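**Q** Let me begin by handing over the structure; questions about it come next.
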Amino acid sequence: MPDILLVEDSVVDVEIMREALTDLDFKGNLHVVEDGEVALQFLRKEENFQSVTRPDIVLLDLNLPKVNGQEVLQSVKADFGLKTIPVLVLSTSCSHFDVKAAYSLGANSYLQKPSRYNELVLMLNRVLTFWLKHDLSRKVSGLS
Amino acid sequence: MKATLLLIEDSDTDIKLMKQALTQLKFEGEIRPASDPQAAREALQTRPYPDLVLLNWRLEGRELLEEFRQDSELATTPILVLTTQCSPDALALAYSLGANACLHKPVDYETLLLLVKALLDFWFGSATRLPRA
């Protein structure tokens, strides 16, 4: 079963995401962490996360408490054991600066948070289809 | 503005099948094939700049990916690696060198259609891309 790590500090956005995944009949696990520091602990299996499964994709908000999304992205993509995990930046920002910065730091893709629920469902459906059914990164999940 | 897709592929048959799949799926942009590494380098620097690159790993994929990712102008151009080699080490290398995604090169047309549909839906329908200036 696929595992998604959602790094998101907005409780409302997390609930909407859960609902959308339920509507899409997503059978995997959605793990949620609320700030960048905890996201890195989760990915590095530190603190309370020693028994968690390595996520198949990370959905990363940019505006996060403690350690922001860009710093999380930079740390993941600089880490030999983590850099093959697809990180999809999920942001309300459509500024060229943010998009370019995310791709330059190694984001696998950049997604703008849709304002409408049906658009979110459509976007997530495309994310699940492309990244969980076609992308091959899950085949390297054993490397560390 | 119509999208431009650069297909780095030396097999005429595979180019033909990819074009057929893209046409069948109503892709209305330009499909720009490059059948060797030098042609790929030139095609990547030709306007309109490609919005997305499909790179056959067998065609000096490692060298080209490394070279393209050293060019900061290409940081926002998604490069998707197509490969028949699915060994974890080869894939890890491709991701480490900056491939946005790696995809198994399909062996039959129906599977190719599914792959191309997923690719078009995600990269041209949902992902935010940033055209090169």
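Scheme for the structure tokens: letters A, B, ... for chains in order shown; per-chain residue numbers from 1; ligand numbers from 1 in order shown.
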Report as JSON lines the residues of chain A within 6 Å of chain B, each with its shortest atom pair and distance in Å (one decimal), using only C-alpha atoms, ordered by chain and increasing residue number.
**A**
{"residue": "A:Thr84", "atom": "CA", "partner": "B:Tyr95", "partner_atom": "CA", "distance": 5.5}
{"residue": "A:Tyr103", "atom": "CA", "partner": "B:Thr76", "partner_atom": "CA", "distance": 5.4}
{"residue": "A:Ser104", "atom": "CA", "partner": "B:Ala75", "partner_atom": "CA", "distance": 5.3}
{"residue": "A:Asn108", "atom": "CA", "partner": "B:Asn100", "partner_atom": "CA", "distance": 4.6}
{"residue": "A:Tyr110", "atom": "CA", "partner": "B:Thr128", "partner_atom": "CA", "distance": 5.4}
{"residue": "A:Leu111", "atom": "CA", "partner": "B:Ala127", "partner_atom": "CA", "distance": 5.1}
{"residue": "A:Met123", "atom": "CA", "partner": "B:Ser126", "partner_atom": "CA", "distance": 5.9}
{"residue": "A:Arg126", "atom": "CA", "partner": "B:Phe122", "partner_atom": "CA", "distance": 5.4}
{"residue": "A:Phe130", "atom": "CA", "partner": "B:Ala118", "partner_atom": "CA", "distance": 5.3}
{"residue": "A:Asp135", "atom": "CA", "partner": "B:Leu103", "partner_atom": "CA", "distance": 5.2}
{"residue": "A:Leu136", "atom": "CA", "partner": "B:Cys102", "partner_atom": "CA", "distance": 5.4}
{"residue": "A:Lys139", "atom": "CA", "partner": "B:Pro88", "partner_atom": "CA", "distance": 5.9}
{"residue": "A:Val140", "atom": "CA", "partner": "B:Pro88", "partner_atom": "CA", "distance": 4.7}
**Q** Suppose we keep C-alpha atoms; can you now write the selection as an mmCIF file, in the first residue's frame?
**A**
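Resulting contents of out-v8.cif:
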data_model
loop_
_atom_site.group_PDB
_atom_site.id
_atom_site.type_symbol
_atom_site.label_atom_id
_atom_site.label_comp_id
_atom_site.auth_asym_id
_atom_site.auth_seq_id
_atom_site.Cartn_x
_atom_site.Cartn_y
_atom_site.Cartn_z
ATOM 1 C CA THR A 84 15.082 9.718 -4.574
ATOM 2 C CA TYR A 103 12.625 23.396 -9.082
ATOM 3 C CA SER A 104 16.161 24.684 -8.571
ATOM 4 C CA ASN A 108 10.156 16.836 -8.597
ATOM 5 C CA TYR A 110 5.317 22.094 -8.258
ATOM 6 C CA LEU A 111 1.567 22.189 -7.766
ATOM 7 C CA MET A 123 -5.295 17.236 -9.311
ATOM 8 C CA ARG A 126 -3.492 12.918 -11.555
ATOM 9 C CA PHE A 130 1.364 9.524 -12.424
ATOM 10 C CA ASP A 135 6.852 6.799 -11.825
ATOM 11 C CA LEU A 136 9.507 4.252 -10.839
ATOM 12 C CA LYS A 139 11.568 0.701 -6.951
ATOM 13 C CA VAL A 140 14.461 2.490 -5.274
#
**Q** As JSON, numbers by chain, which residues of range 20-142 of chain A does DSSP assign to strand (DSSP E or B)?
**A** {"A": [29, 30, 31, 32, 33, 57, 58, 59, 60, 87, 88, 89, 90, 91, 109, 110, 111, 112, 135]}
**Q** Can you work out the spacing between CA of Arg41 in chain B and CA of Val107 in chain B in Å, to one decimal?
**A**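 Taking CA of Arg41 in chain B as the start and CA of Val107 in chain B as the end point, the length is 27.0 Å.
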**Q** Using DSSP assignments from the backbone, pull out every residue in chain A that falls under alpha helix (DSSP H) and give it to me as a PyMOL selection string.
**A** chain A and resi 11-23+36-43+69-77+96-104+117-127
**Q** For a test of reading the model, state the distance in Å between CA of Leu73 in chain A and CA of Gln70 in chain B, rounded to one decimal.
**A** 18.6 Å
**Q** To one decimal place in Å, what is the distance between CA of Asp56 in chain A and CA of Asp51 in chain B?
**A** 25.7 Å
**Q** For Val11 in chain A, which residue among A:Glu46, A:Glu71, A:Asp79, A:Glu34 is the nearest when counting only C-alpha atoms?
**A**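 Looking only at the distances to Val11 in chain A, the closest residue turns out to be A:Glu34.
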**Q** Mind checking which residues fall within 10 Å of Leu120 in chain A, counting only C-alpha atoms, ignoring those fewer than 3 positions away in the same chain, and posting them as a PyMOL selection string?
**A** (chain A and resi 16-17+20-21+112-117+123-126) or (chain B and resi 126)
